[in-house]
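Below: the structure, in C-alpha cells.
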Amino acid sequence: MHSVVSRSLKVFTTTLAAALLALSTPALSAAAPQPGQCANHQAPPPPVDTSEKPAPGKQVPPPLAVPAVPVGGDRMAECGLITPNGALNPPDGNTAASWLVQDLDTGAVIAAKDPHARQRPASLIKTLLALVVVTQLKPQQVIVATKEDAEQECTCVGLVAGGQYTVDQLLHGLLMHSGNDVAHTLATALGGVDSAVGKMNALAAKIGALDTRAATPSGLDGPGMSTSAYDLSLIFHYAMKQPEFAQVVATKNFEIPSVGGKPAIPIWNDNKLLGVYPGFLGGKTGFTDDARHTYVGAAQRKGKRLAVVMLRAEQKPTKVVDQAAKLLDYGFALEDDHAAPVGQITYQAPAATSSGSNPSVLADGGTGNSGTSAAAAAAKEDPFGVTGWIITLVVFLLIVGGFVVGHQRKKAAG
C-alpha cells in the first residue's frame with residue numbers, strides 16, 4: 001500500500017510542478033528580450049553597485065512598457081548607427097552607447113545610435129526637474145534650505161541650512177554646477193522628494209518621454225531609473241523653448257549673493273564647450289558609476305540650432321565634451337548637405353500608448369511613468385491574474401490528488 005500511495009503522490013507532485021511551470025513561464029518570458037531586439041530594449045544594464053537597492057519593504061519597479069509603435073518614427077527602433085541613406089559615418093572615437101543629434105528648431109533627428117535603448121540619465125534628469133520648477137514656481141520666490149537639503153551627497157554648490165535663496169538663484173546652481181543640494185531644496189519646495197519625482201514623471205509622460213522614469217530629483221541612481229537618448233533629446237528640446245531655462249544654461253558664471261550673514265556662492269558652468277565651441281548655446285553634464293558619463297549640449301551655426309545627447313560614454317580616448325563637439329560638427333555637415341532626417345522629435349505619444357500622454361493615469365504614488373511592464377499590462381487584460389489561476393489550479397489538483405490517494409488506499413486495502 002505504501003508504494004502505491006508513494007507512486008500516486010509522485011505523479012501528483014510532477015503534474016503540479018509541470019502545471020505551475022507552464023503558467024509561470026509566459027509571465028517570465030514576457031519581460032525577456034526577444035530575438036532581434038536592441039540591447040537594453042526594456043531596461044538599463046545591471047547596476048555596478050548598491051545604489052539602486054530599494055528601501056526596506058519596497059521593490060524595484062518593473063521596466064517601463066515598450067511602445068508598440070516607436071516614438072519618433074520607424075527608424076528610431078533600429079539598432080546601432082542610424083544615419084541618412086548614403087551619408088558618411090560619424091567621426092571615430094565616440095564612446096557613447098546611445099546618442100542622438102537633432103535640429104532644435106524643427107525637431108528633425110539628423111542621426112542617432114540606439115536612440116530608444118534604456119539607459120540612466122545621471123544629472124541630465126535635472127533638466128526634467130528644472131522644467132517642473134519653471135512651470136510651478138516663480139523665479140523670485142524665496143526658499144529656505146533645510147539641514148537635510150544642505151547635507152546631500154555632493155556634487156553641491158554649498159547651500160547652508162537656513163539660507164534664503166530665490167528659485168532663479170537655485171536654477172543657476174542646479175543647471176550650471178549640477179548641485180545635488182539644490183535639487184533636494186527645489187524638491188522640498190515642490191512638496192518633498194516623492195512629490196517632486198512624481199511631478200517629474202507626470203511631465204515626462206505628458207510630453208511623450210515614454211522611456212523615462214526618474215527615481216531621484218538629482219539624477220543619483222535609484223530603483224527603476226530609466227531614460228533614453230531620444231527622451232532626453234525630447235526633454236531638452238522642450239526645455240530650450242522655456243526662456244528661463246535657455247538663459248541659465250547659457251550662463252558662464254553666476255553668484256548667489258550673501259544674505260543674512262551667509263557667504264556668497266560663486267558658480268561656474270561645468271559645460272566646457274561654453275565659450276569654446278563656436279555658437280554654443282548651453283547644455284548639461286552628468287556622471288554616476290552606473291550611468292557613466294552623460295551629456296547634452298546645443299550650438300547654432302548658419303541659422304541652424306542643433307543639439308546632441310550622449311549616454312553611457314567614457315572620457316577616453318578623448319573627453320566626452322570633445323566627442324560631443326565632433327557629433328555637432330557631423331550634424332552641421334549633414335544639414336549643409338540637406339540630408340533627409342532619420343526621425344522626428346515629437347510631443348505626441350503614439351496611439352498604442354495613449355495612456356502615456358495623460359499624467360492622470362499615474363497610480364504608483366508618483367514614482368513611476370505611465371508606462372507599465374508587459375506583465376502589468378497582461379494583468380490589466382486579465383483581471384483574475386496569473387496568481388489567481390495558479391491558486392485555482394493548486395486547489396483543484398489538491399482535490400484530485402486527495403481523491404486519487406484515497407482511491408488507491410481503498411484499492412490496496414481491498
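Each chain in the C-alpha cells gets a letter, A, B and so on, in the order shown; residues start at 1 in every chain, and ligands are counted from 1 in the order they appear.
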
Give me, as an mmCIF file with all heavy atoms, in the first residue's frame, all polymer residues having an atom no more than 9 Å from Gly107 of chain A, counting only C-alpha atoms and skipping those fewer than 3 positions away in the same chain.
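Contents of the output file selection.cif:
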data_model
loop_
_atom_site.group_PDB
_atom_site.id
_atom_site.type_symbol
_atom_site.label_atom_id
_atom_site.label_comp_id
_atom_site.auth_asym_id
_atom_site.auth_seq_id
_atom_site.Cartn_x
_atom_site.Cartn_y
_atom_site.Cartn_z
ATOM 1 N N GLN A 102 19.859 66.302 -33.078
ATOM 2 C CA GLN A 102 18.574 66.809 -33.566
ATOM 3 C C GLN A 102 18.680 68.273 -33.978
ATOM 4 O O GLN A 102 19.573 68.999 -33.547
ATOM 5 C CB GLN A 102 17.503 66.693 -32.477
ATOM 6 C CG GLN A 102 17.799 67.582 -31.258
ATOM 7 C CD GLN A 102 16.583 67.877 -30.398
ATOM 8 O OE1 GLN A 102 15.518 68.230 -30.906
ATOM 9 N NE2 GLN A 102 16.758 67.727 -29.081
ATOM 10 N N ASP A 103 17.743 68.672 -34.819
ATOM 11 C CA ASP A 103 17.545 70.081 -35.145
ATOM 12 C C ASP A 103 16.621 70.657 -34.079
ATOM 13 O O ASP A 103 15.466 70.239 -33.950
ATOM 14 C CB ASP A 103 16.916 70.207 -36.539
ATOM 15 C CG ASP A 103 16.791 71.651 -37.006
ATOM 16 O OD1 ASP A 103 16.378 72.502 -36.204
ATOM 17 O OD2 ASP A 103 17.085 71.908 -38.185
ATOM 18 N N LEU A 104 17.128 71.616 -33.298
ATOM 19 C CA LEU A 104 16.354 72.154 -32.177
ATOM 20 C C LEU A 104 15.133 72.944 -32.625
ATOM 21 O O LEU A 104 14.206 73.141 -31.838
ATOM 22 C CB LEU A 104 17.239 73.049 -31.302
ATOM 23 C CG LEU A 104 17.849 72.447 -30.038
ATOM 24 C CD1 LEU A 104 18.611 73.514 -29.264
ATOM 25 C CD2 LEU A 104 16.805 71.789 -29.149
ATOM 26 N N LEU A 234 14.139 64.895 -26.459
ATOM 27 C CA LEU A 234 12.801 65.475 -26.409
ATOM 28 C C LEU A 234 12.679 66.451 -25.238
ATOM 29 O O LEU A 234 12.176 67.571 -25.385
ATOM 30 C CB LEU A 234 11.766 64.354 -26.300
ATOM 31 C CG LEU A 234 10.274 64.712 -26.376
ATOM 32 C CD1 LEU A 234 9.479 63.497 -26.841
ATOM 33 C CD2 LEU A 234 9.737 65.173 -25.030
ATOM 34 N N HIS A 237 14.730 69.530 -25.953
ATOM 35 C CA HIS A 237 14.035 70.308 -26.988
ATOM 36 C C HIS A 237 12.943 71.159 -26.346
ATOM 37 O O HIS A 237 12.809 72.359 -26.642
ATOM 38 C CB HIS A 237 13.444 69.350 -28.024
ATOM 39 C CG HIS A 237 12.832 70.033 -29.210
ATOM 40 N ND1 HIS A 237 13.406 70.008 -30.461
ATOM 41 C CD2 HIS A 237 11.690 70.759 -29.350
ATOM 42 C CE1 HIS A 237 12.654 70.687 -31.313
ATOM 43 N NE2 HIS A 237 11.593 71.145 -30.649
ATOM 44 N N GLY A 343 14.381 60.652 -38.324
ATOM 45 C CA GLY A 343 13.310 60.569 -37.336
ATOM 46 C C GLY A 343 12.823 61.958 -36.986
ATOM 47 O O GLY A 343 13.232 62.953 -37.597
ATOM 48 N N GLN A 344 11.955 62.034 -35.979
ATOM 49 C CA GLN A 344 11.358 63.311 -35.611
ATOM 50 C C GLN A 344 11.102 63.354 -34.112
ATOM 51 O O GLN A 344 10.478 62.433 -33.551
ATOM 52 C CB GLN A 344 10.037 63.520 -36.365
ATOM 53 C CG GLN A 344 9.326 64.814 -36.043
ATOM 54 C CD GLN A 344 10.058 66.048 -36.570
ATOM 55 O OE1 GLN A 344 10.666 65.996 -37.638
ATOM 56 N NE2 GLN A 344 10.002 67.137 -35.809
ATOM 57 N N ILE A 345 11.594 64.390 -33.455
ATOM 58 C CA ILE A 345 11.242 64.620 -32.053
ATOM 59 C C ILE A 345 9.793 65.089 -32.017
ATOM 60 O O ILE A 345 9.436 66.086 -32.660
ATOM 61 C CB ILE A 345 12.156 65.690 -31.414
ATOM 62 C CG1 ILE A 345 13.623 65.235 -31.436
ATOM 63 C CG2 ILE A 345 11.703 65.986 -29.990
ATOM 64 C CD1 ILE A 345 13.908 63.995 -30.613
ATOM 65 N N THR A 346 8.952 64.369 -31.316
ATOM 66 C CA THR A 346 7.527 64.695 -31.290
ATOM 67 C C THR A 346 7.010 64.634 -29.866
ATOM 68 O O THR A 346 7.439 63.815 -29.064
ATOM 69 C CB THR A 346 6.728 63.726 -32.178
ATOM 70 O OG1 THR A 346 5.327 63.985 -32.022
ATOM 71 C CG2 THR A 346 6.990 62.270 -31.802
#

Give me, as JSON lines, the closest atom pair and its distance (Å, one decimal) for every residue of segment 29-145 of chain A within a cut-off of 7 Å of segment 223-228 of chain A, counting only C-alpha atoms, rows sorted by chain and rising number.
{"residue": "A:Ala43", "atom": "CA", "partner": "A:Ser226", "partner_atom": "CA", "distance": 7.0}
{"residue": "A:Pro44", "atom": "CA", "partner": "A:Ser226", "partner_atom": "CA", "distance": 6.6}
{"residue": "A:Glu52", "atom": "CA", "partner": "A:Pro223", "partner_atom": "CA", "distance": 4.5}
{"residue": "A:Lys53", "atom": "CA", "partner": "A:Pro223", "partner_atom": "CA", "distance": 6.3}
{"residue": "A:Pro54", "atom": "CA", "partner": "A:Pro223", "partner_atom": "CA", "distance": 5.9}
{"residue": "A:Val60", "atom": "CA", "partner": "A:Pro223", "partner_atom": "CA", "distance": 5.2}
{"residue": "A:Pro61", "atom": "CA", "partner": "A:Gly224", "partner_atom": "CA", "distance": 5.3}
{"residue": "A:Pro115", "atom": "CA", "partner": "A:Ser228", "partner_atom": "CA", "distance": 6.3}
{"residue": "A:His116", "atom": "CA", "partner": "A:Ser228", "partner_atom": "CA", "distance": 5.2}
{"residue": "A:Ala117", "atom": "CA", "partner": "A:Ser228", "partner_atom": "CA", "distance": 5.7}
{"residue": "A:Arg118", "atom": "CA", "partner": "A:Ser228", "partner_atom": "CA", "distance": 5.0}
{"residue": "A:Gln119", "atom": "CA", "partner": "A:Thr227", "partner_atom": "CA", "distance": 5.4}
{"residue": "A:Arg120", "atom": "CA", "partner": "A:Ser226", "partner_atom": "CA", "distance": 5.1}
{"residue": "A:Pro121", "atom": "CA", "partner": "A:Thr227", "partner_atom": "CA", "distance": 6.1}

Output for the residues just chosen: all heavy atoms as a compact mmCIF listing (two decimals), in the first residue's frame:
# COMPACT_ATOMS: atom_id res chain seq x y z
N ALA A 43 15.31 47.77 -20.30
CA ALA A 43 15.88 48.32 -19.08
C ALA A 43 17.36 48.61 -19.25
O ALA A 43 18.02 48.01 -20.11
CB ALA A 43 15.67 47.34 -17.92
N PRO A 44 17.91 49.52 -18.44
CA PRO A 44 19.34 49.80 -18.50
C PRO A 44 20.16 48.57 -18.09
O PRO A 44 19.62 47.60 -17.56
CB PRO A 44 19.52 50.93 -17.48
CG PRO A 44 18.16 51.53 -17.33
CD PRO A 44 17.20 50.40 -17.50
N GLU A 52 21.04 51.22 -6.44
CA GLU A 52 19.65 51.03 -6.85
C GLU A 52 18.92 50.01 -5.98
O GLU A 52 17.84 49.54 -6.34
CB GLU A 52 19.59 50.63 -8.32
CG GLU A 52 20.13 51.72 -9.24
CD GLU A 52 19.90 51.43 -10.71
OE1 GLU A 52 19.12 50.52 -11.03
OE2 GLU A 52 20.50 52.13 -11.54
N LYS A 53 19.52 49.67 -4.86
CA LYS A 53 18.86 48.76 -3.93
C LYS A 53 17.66 49.47 -3.32
O LYS A 53 17.78 50.56 -2.77
CB LYS A 53 19.83 48.32 -2.83
CG LYS A 53 19.26 47.29 -1.88
CD LYS A 53 20.30 46.85 -0.85
CE LYS A 53 19.72 45.82 0.11
NZ LYS A 53 20.73 45.40 1.12
N PRO A 54 16.46 48.87 -3.41
CA PRO A 54 15.28 49.56 -2.88
C PRO A 54 15.29 49.64 -1.36
O PRO A 54 15.97 48.86 -0.68
CB PRO A 54 14.12 48.68 -3.38
CG PRO A 54 14.72 47.33 -3.58
CD PRO A 54 16.15 47.57 -4.00
N VAL A 60 11.99 46.89 -6.58
CA VAL A 60 12.39 47.61 -7.79
C VAL A 60 11.21 47.62 -8.75
O VAL A 60 10.63 46.57 -9.03
CB VAL A 60 13.61 46.93 -8.45
CG1 VAL A 60 13.96 47.65 -9.76
CG2 VAL A 60 14.80 46.93 -7.50
N PRO A 61 10.82 48.79 -9.26
CA PRO A 61 9.69 48.83 -10.20
C PRO A 61 9.99 48.02 -11.45
O PRO A 61 11.15 47.93 -11.87
CB PRO A 61 9.56 50.32 -10.53
CG PRO A 61 10.29 51.04 -9.44
CD PRO A 61 11.37 50.12 -8.99
N PRO A 115 18.73 55.02 -30.26
CA PRO A 115 18.07 56.16 -29.59
C PRO A 115 17.07 55.79 -28.52
O PRO A 115 16.87 56.57 -27.59
CB PRO A 115 17.38 56.88 -30.76
CG PRO A 115 17.22 55.84 -31.82
CD PRO A 115 18.41 54.95 -31.70
N HIS A 116 16.45 54.61 -28.61
CA HIS A 116 15.47 54.23 -27.60
C HIS A 116 16.00 53.18 -26.62
O HIS A 116 15.23 52.63 -25.81
CB HIS A 116 14.18 53.71 -28.25
CG HIS A 116 13.25 54.81 -28.67
ND1 HIS A 116 12.70 55.70 -27.76
CD2 HIS A 116 12.78 55.18 -29.90
CE1 HIS A 116 11.92 56.55 -28.41
NE2 HIS A 116 11.96 56.26 -29.71
N ALA A 117 17.30 52.88 -26.69
CA ALA A 117 17.87 51.96 -25.69
C ALA A 117 17.72 52.59 -24.31
O ALA A 117 17.97 53.78 -24.12
CB ALA A 117 19.35 51.70 -26.00
N ARG A 118 17.31 51.80 -23.35
CA ARG A 118 17.10 52.30 -22.00
C ARG A 118 18.46 52.45 -21.29
O ARG A 118 19.22 51.48 -21.17
CB ARG A 118 16.17 51.37 -21.22
CG ARG A 118 14.79 51.14 -21.91
CD ARG A 118 13.85 52.25 -21.66
NE ARG A 118 12.61 52.23 -22.41
CZ ARG A 118 11.51 51.54 -22.12
NH1 ARG A 118 11.50 50.67 -21.13
NH2 ARG A 118 10.40 51.71 -22.84
N GLN A 119 18.75 53.66 -20.86
CA GLN A 119 19.98 53.97 -20.15
C GLN A 119 19.63 54.75 -18.89
O GLN A 119 18.46 54.99 -18.60
CB GLN A 119 20.92 54.80 -21.04
CG GLN A 119 21.18 54.22 -22.42
CD GLN A 119 22.09 53.01 -22.42
OE1 GLN A 119 22.59 52.58 -21.37
NE2 GLN A 119 22.32 52.43 -23.59
N ARG A 120 20.65 55.18 -18.16
CA ARG A 120 20.44 56.02 -16.98
C ARG A 120 20.84 57.46 -17.31
O ARG A 120 21.82 57.68 -18.02
CB ARG A 120 21.25 55.49 -15.79
CG ARG A 120 20.82 54.10 -15.34
CD ARG A 120 21.72 53.58 -14.22
NE ARG A 120 21.30 52.26 -13.77
CZ ARG A 120 21.66 51.12 -14.34
NH1 ARG A 120 22.46 51.13 -15.41
NH2 ARG A 120 21.25 49.96 -13.87
N PRO A 121 20.13 58.44 -16.77
CA PRO A 121 20.41 59.83 -17.16
C PRO A 121 21.51 60.52 -16.37
O PRO A 121 22.07 61.50 -16.83
CB PRO A 121 19.07 60.51 -16.89
CG PRO A 121 18.49 59.74 -15.74
CD PRO A 121 18.93 58.31 -15.96

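Atom CA of Gly222 of chain A is found 12.1 Å from atom CA of Pro46 of chain A.
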
With the cut-off set at 8 Å and counting only C-alpha atoms, tabulate each residue of segment 137-183 of chain A with an atom at most that distance from an atom of segment 265-277 of chain A, showing the nearest atom pair and its distance in Å to one decimal, ordered by chain and increasing number, as JSON lines.
{"residue": "A:Val157", "atom": "CA", "partner": "A:Ile267", "partner_atom": "CA", "distance": 7.3}
{"residue": "A:Gly158", "atom": "CA", "partner": "A:Ile265", "partner_atom": "CA", "distance": 7.1}
{"residue": "A:His172", "atom": "CA", "partner": "A:Ile267", "partner_atom": "CA", "distance": 7.8}
{"residue": "A:Gly173", "atom": "CA", "partner": "A:Ile267", "partner_atom": "CA", "distance": 6.7}
{"residue": "A:Met176", "atom": "CA", "partner": "A:Asn269", "partner_atom": "CA", "distance": 4.4}
{"residue": "A:His177", "atom": "CA", "partner": "A:Asp270", "partner_atom": "CA", "distance": 5.6}
{"residue": "A:Ser178", "atom": "CA", "partner": "A:Asp270", "partner_atom": "CA", "distance": 8.0}

Looking at only C-alpha atoms, which of A:Gly73, A:Pro243, A:Gly286, A:Gly261 is the one that sits closest to Ser218 of chain A?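 Selected residue with least distance to Ser218 of chain A: A:Gly286.
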
Pull the alpha helix (DSSP H) assignments for segment 53-192 of chain A out of DSSP run on the backbone, and list those residues as JSON, numbers by chain. {"A": [126, 127, 128, 129, 130, 131, 132, 133, 134, 135, 136, 147, 148, 149, 150, 167, 168, 169, 170, 171, 172, 173, 174, 175, 176, 180, 181, 182, 183, 184, 185, 186, 187, 188, 189]}

Just write the chosen residues, C-alpha atoms, as a PDB file, in the first residue's frame.
ATOM      1  CA  LYS A 126      17.903  67.737 -13.668  1.00  0.00           C
ATOM      2  CA  THR A 127      16.661  69.189 -16.965  1.00  0.00           C
ATOM      3  CA  LEU A 128      13.324  67.499 -16.234  1.00  0.00           C
ATOM      4  CA  LEU A 129      13.325  68.816 -12.658  1.00  0.00           C
ATOM      5  CA  ALA A 130      14.083  72.303 -14.000  1.00  0.00           C
ATOM      6  CA  LEU A 131      11.090  72.047 -16.348  1.00  0.00           C
ATOM      7  CA  VAL A 132       8.818  71.290 -13.399  1.00  0.00           C
ATOM      8  CA  VAL A 133      10.325  74.189 -11.464  1.00  0.00           C
ATOM      9  CA  VAL A 134       9.884  76.795 -14.215  1.00  0.00           C
ATOM     10  CA  THR A 135       6.257  75.761 -14.687  1.00  0.00           C
ATOM     11  CA  GLN A 136       5.293  75.593 -10.994  1.00  0.00           C
ATOM     12  CA  LYS A 147      19.521  70.891   7.122  1.00  0.00           C
ATOM     13  CA  GLU A 148      18.636  67.841   5.003  1.00  0.00           C
ATOM     14  CA  ASP A 149      18.855  69.923   1.805  1.00  0.00           C
ATOM     15  CA  ALA A 150      22.339  71.131   2.710  1.00  0.00           C
ATOM     16  CA  VAL A 167      14.147  79.989  -7.330  1.00  0.00           C
ATOM     17  CA  ASP A 168      16.149  81.750 -10.045  1.00  0.00           C
ATOM     18  CA  GLN A 169      19.349  81.500  -7.985  1.00  0.00           C
ATOM     19  CA  LEU A 170      18.706  77.836  -7.314  1.00  0.00           C
ATOM     20  CA  LEU A 171      18.112  77.119 -11.003  1.00  0.00           C
ATOM     21  CA  HIS A 172      21.555  78.527 -11.764  1.00  0.00           C
ATOM     22  CA  GLY A 173      23.074  76.230  -9.160  1.00  0.00           C
ATOM     23  CA  LEU A 174      21.063  73.278 -10.464  1.00  0.00           C
ATOM     24  CA  LEU A 175      21.907  73.591 -14.159  1.00  0.00           C
ATOM     25  CA  MET A 176      25.308  75.285 -14.145  1.00  0.00           C
ATOM     26  CA  ASN A 180      22.514  67.925  -5.620  1.00  0.00           C
ATOM     27  CA  ASP A 181      21.869  70.124  -2.587  1.00  0.00           C
ATOM     28  CA  VAL A 182      19.975  72.476  -4.909  1.00  0.00           C
ATOM     29  CA  ALA A 183      17.993  69.597  -6.441  1.00  0.00           C
ATOM     30  CA  HIS A 184      16.888  68.472  -2.979  1.00  0.00           C
ATOM     31  CA  THR A 185      16.000  72.048  -1.961  1.00  0.00           C
ATOM     32  CA  LEU A 186      13.827  72.511  -5.047  1.00  0.00           C
ATOM     33  CA  ALA A 187      12.262  69.085  -4.491  1.00  0.00           C
ATOM     34  CA  THR A 188      11.404  70.112  -0.921  1.00  0.00           C
ATOM     35  CA  ALA A 189       9.736  73.260  -2.280  1.00  0.00           C
TER      36      ALA A 189
END

Residue contacts of Lys326 of chain A (8 Å, only C-alpha atoms) excluding same-chain residues fewer than 4 positions away, as JSON, numbers by chain: {"A": [91, 322, 330]}

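Among the candidates A:Gly208, A:Pro139, A:Pro70, A:Pro84, the residue lying nearest to His338 of chain A is A:Pro84 (atoms considered: only C-alpha atoms).
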
Which residues, written as a list in words, have at least one atom at most 9 Å from Ala313 of chain A, with only C-alpha atoms counted and residues fewer than 2 positions away on the same chain left out?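 Near neighbours after the sequence-gap exclusion: Asn94, Thr95, Ala96, Ala97, Ser98, Ala291, Arg292, His293, Thr294, Tyr295, Met310, Leu311, Gln315, Lys316 and Val320 of chain A.
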
Could you write out the selected residues, including all heavy atoms, as a short mmCIF file (atom, residue, chain, number, x, y, z; two decimals), in the first residue's frame?
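Result file is part.cif:
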data_model
loop_
_atom_site.label_atom_id
_atom_site.label_comp_id
_atom_site.auth_asym_id
_atom_site.auth_seq_id
_atom_site.Cartn_x
_atom_site.Cartn_y
_atom_site.Cartn_z
N ASN A 94 33.94 57.99 -30.80
CA ASN A 94 32.77 58.23 -29.95
C ASN A 94 32.52 56.99 -29.08
O ASN A 94 32.43 55.88 -29.59
CB ASN A 94 31.53 58.53 -30.80
CG ASN A 94 30.35 58.99 -29.96
OD1 ASN A 94 29.74 58.18 -29.28
ND2 ASN A 94 30.06 60.27 -30.01
N THR A 95 32.42 57.19 -27.78
CA THR A 95 32.30 56.07 -26.85
C THR A 95 30.88 55.86 -26.32
O THR A 95 30.65 54.92 -25.55
CB THR A 95 33.23 56.28 -25.65
OG1 THR A 95 32.82 57.47 -24.94
CG2 THR A 95 34.69 56.43 -26.08
N ALA A 96 29.94 56.73 -26.69
CA ALA A 96 28.60 56.66 -26.12
C ALA A 96 27.87 55.40 -26.59
O ALA A 96 27.91 55.04 -27.77
CB ALA A 96 27.79 57.89 -26.50
N ALA A 97 27.20 54.73 -25.65
CA ALA A 97 26.38 53.57 -26.02
C ALA A 97 25.16 54.01 -26.81
O ALA A 97 24.67 53.28 -27.68
CB ALA A 97 25.94 52.82 -24.76
N SER A 98 24.64 55.21 -26.52
CA SER A 98 23.49 55.77 -27.23
C SER A 98 23.72 57.26 -27.43
O SER A 98 24.27 57.93 -26.55
CB SER A 98 22.20 55.58 -26.43
OG SER A 98 21.95 54.23 -26.13
N ALA A 291 25.48 55.11 -14.48
CA ALA A 291 25.12 55.77 -15.73
C ALA A 291 26.34 56.03 -16.61
O ALA A 291 26.20 56.16 -17.83
CB ALA A 291 24.42 57.10 -15.45
N ARG A 292 27.52 56.11 -16.01
CA ARG A 292 28.74 56.57 -16.67
C ARG A 292 28.53 58.04 -17.08
O ARG A 292 27.71 58.74 -16.52
CB ARG A 292 29.12 55.68 -17.84
CG ARG A 292 29.27 54.20 -17.50
CD ARG A 292 30.16 53.96 -16.28
NE ARG A 292 31.55 54.45 -16.52
CZ ARG A 292 32.41 54.74 -15.54
NH1 ARG A 292 32.03 54.64 -14.28
NH2 ARG A 292 33.62 55.14 -15.83
N HIS A 293 29.25 58.52 -18.08
CA HIS A 293 29.17 59.93 -18.43
C HIS A 293 27.98 60.19 -19.36
O HIS A 293 27.76 59.44 -20.32
CB HIS A 293 30.47 60.38 -19.09
CG HIS A 293 31.64 60.34 -18.16
ND1 HIS A 293 31.97 61.37 -17.31
CD2 HIS A 293 32.55 59.36 -17.92
CE1 HIS A 293 33.04 61.05 -16.60
NE2 HIS A 293 33.41 59.83 -16.95
N THR A 294 27.23 61.23 -19.06
CA THR A 294 26.09 61.62 -19.88
C THR A 294 26.25 63.09 -20.26
O THR A 294 26.87 63.87 -19.53
CB THR A 294 24.76 61.40 -19.16
OG1 THR A 294 24.72 62.22 -17.97
CG2 THR A 294 24.60 59.94 -18.75
N TYR A 295 25.68 63.48 -21.39
CA TYR A 295 25.92 64.84 -21.88
C TYR A 295 24.79 65.30 -22.79
O TYR A 295 24.26 64.52 -23.59
CB TYR A 295 27.24 64.90 -22.66
CG TYR A 295 27.61 66.29 -23.09
CD1 TYR A 295 28.29 67.15 -22.23
CD2 TYR A 295 27.25 66.76 -24.35
CE1 TYR A 295 28.61 68.45 -22.62
CE2 TYR A 295 27.55 68.06 -24.74
CZ TYR A 295 28.23 68.90 -23.87
OH TYR A 295 28.52 70.18 -24.24
N MET A 310 24.31 62.41 -25.39
CA MET A 310 25.16 61.22 -25.32
C MET A 310 24.92 60.53 -23.99
O MET A 310 24.90 61.18 -22.94
CB MET A 310 26.64 61.60 -25.45
CG MET A 310 27.00 62.26 -26.76
SD MET A 310 28.70 62.88 -26.75
CE MET A 310 29.62 61.36 -26.50
N LEU A 311 24.77 59.19 -24.02
CA LEU A 311 24.54 58.42 -22.80
C LEU A 311 25.53 57.27 -22.71
O LEU A 311 25.89 56.67 -23.71
CB LEU A 311 23.11 57.86 -22.78
CG LEU A 311 21.99 58.89 -22.76
CD1 LEU A 311 20.64 58.19 -22.74
CD2 LEU A 311 22.11 59.84 -21.58
N GLN A 315 35.43 58.89 -20.87
CA GLN A 315 36.30 60.03 -21.09
C GLN A 315 37.56 59.69 -21.90
O GLN A 315 38.39 60.57 -22.12
CB GLN A 315 36.73 60.64 -19.74
CG GLN A 315 35.58 61.24 -18.95
CD GLN A 315 35.13 62.60 -19.48
OE1 GLN A 315 35.37 62.95 -20.63
NE2 GLN A 315 34.49 63.38 -18.63
N LYS A 316 37.72 58.44 -22.28
CA LYS A 316 38.86 58.04 -23.10
C LYS A 316 38.35 57.33 -24.35
O LYS A 316 37.33 56.65 -24.29
CB LYS A 316 39.78 57.11 -22.30
CG LYS A 316 40.44 57.78 -21.10
CD LYS A 316 41.35 56.80 -20.36
CE LYS A 316 42.01 57.47 -19.15
NZ LYS A 316 42.90 56.56 -18.43
N VAL A 320 34.55 63.53 -23.18
CA VAL A 320 33.17 63.43 -23.70
C VAL A 320 32.75 64.71 -24.39
O VAL A 320 32.08 64.68 -25.43
CB VAL A 320 32.21 63.06 -22.55
CG1 VAL A 320 30.76 63.17 -23.02
CG2 VAL A 320 32.49 61.65 -22.05
#

Segment 258-260 of chain A environment, 12 Å, only C-alpha atoms, sequence neighbours closer than 4 positions dropped, as a CSV table (one decimal) with N, CA and C atoms, in the first residue's frame:
chain,number,residue,atom,x,y,z
A,142,VAL,N,11.2,82.9,-2.7
A,142,VAL,CA,12.3,82.6,-1.8
A,142,VAL,C,12.1,81.3,-1.1
A,144,VAL,N,13.8,78.6,1.7
A,144,VAL,CA,14.8,78.4,2.8
A,144,VAL,C,15.3,77.0,2.8
A,159,LEU,N,25.0,75.2,-0.5
A,159,LEU,CA,23.9,75.8,0.2
A,159,LEU,C,24.0,75.5,1.7
A,160,VAL,N,23.6,76.4,2.6
A,160,VAL,CA,23.7,76.2,4.0
A,160,VAL,C,22.3,76.2,4.6
A,161,ALA,N,22.1,75.4,5.6
A,161,ALA,CA,20.8,75.3,6.3
A,161,ALA,C,20.4,76.7,6.8
A,162,GLY,N,19.2,77.1,6.5
A,162,GLY,CA,18.7,78.4,7.0
A,162,GLY,C,18.9,79.5,5.9
A,163,GLY,N,19.7,79.2,4.9
A,163,GLY,CA,20.0,80.2,3.9
A,163,GLY,C,18.7,80.4,3.0
A,164,GLN,N,18.5,81.7,2.6
A,164,GLN,CA,17.3,82.0,1.8
A,164,GLN,C,17.8,82.2,0.4
A,165,TYR,N,17.2,81.5,-0.5
A,165,TYR,CA,17.6,81.6,-1.9
A,165,TYR,C,16.3,81.7,-2.8
A,166,THR,N,16.5,82.5,-3.9
A,166,THR,CA,15.4,82.6,-4.8
A,166,THR,C,15.4,81.4,-5.8
A,169,GLN,N,18.0,81.8,-8.4
A,169,GLN,CA,19.3,81.5,-8.0
A,169,GLN,C,19.6,80.0,-7.9
A,264,ALA,N,28.5,84.4,0.2
A,264,ALA,CA,28.1,84.4,-1.2
A,264,ALA,C,28.6,83.1,-1.8
A,265,ILE,N,27.9,82.7,-2.9
A,265,ILE,CA,28.3,81.4,-3.5
A,265,ILE,C,28.6,81.6,-5.0
A,266,PRO,N,29.8,81.6,-5.4
A,266,PRO,CA,30.2,81.8,-6.8
A,266,PRO,C,29.9,80.4,-7.6

Point-to-point distance in Å for atom CA of Ile125 of chain A and atom CA of Tyr238 of chain A: 13.4 Å

Hey, can you check how far atom CA of Ala196 of chain A sits from atom CA of Ala145 of chain A? 15.8 Å

Within segment 190-367 of chain A, find each residue whose DSSP state, derived from the backbone, is strand (DSSP E), and express the selection as a ChimeraX atom specification. /A:253-256,265-268,280-288,292-301,304-313,343-344
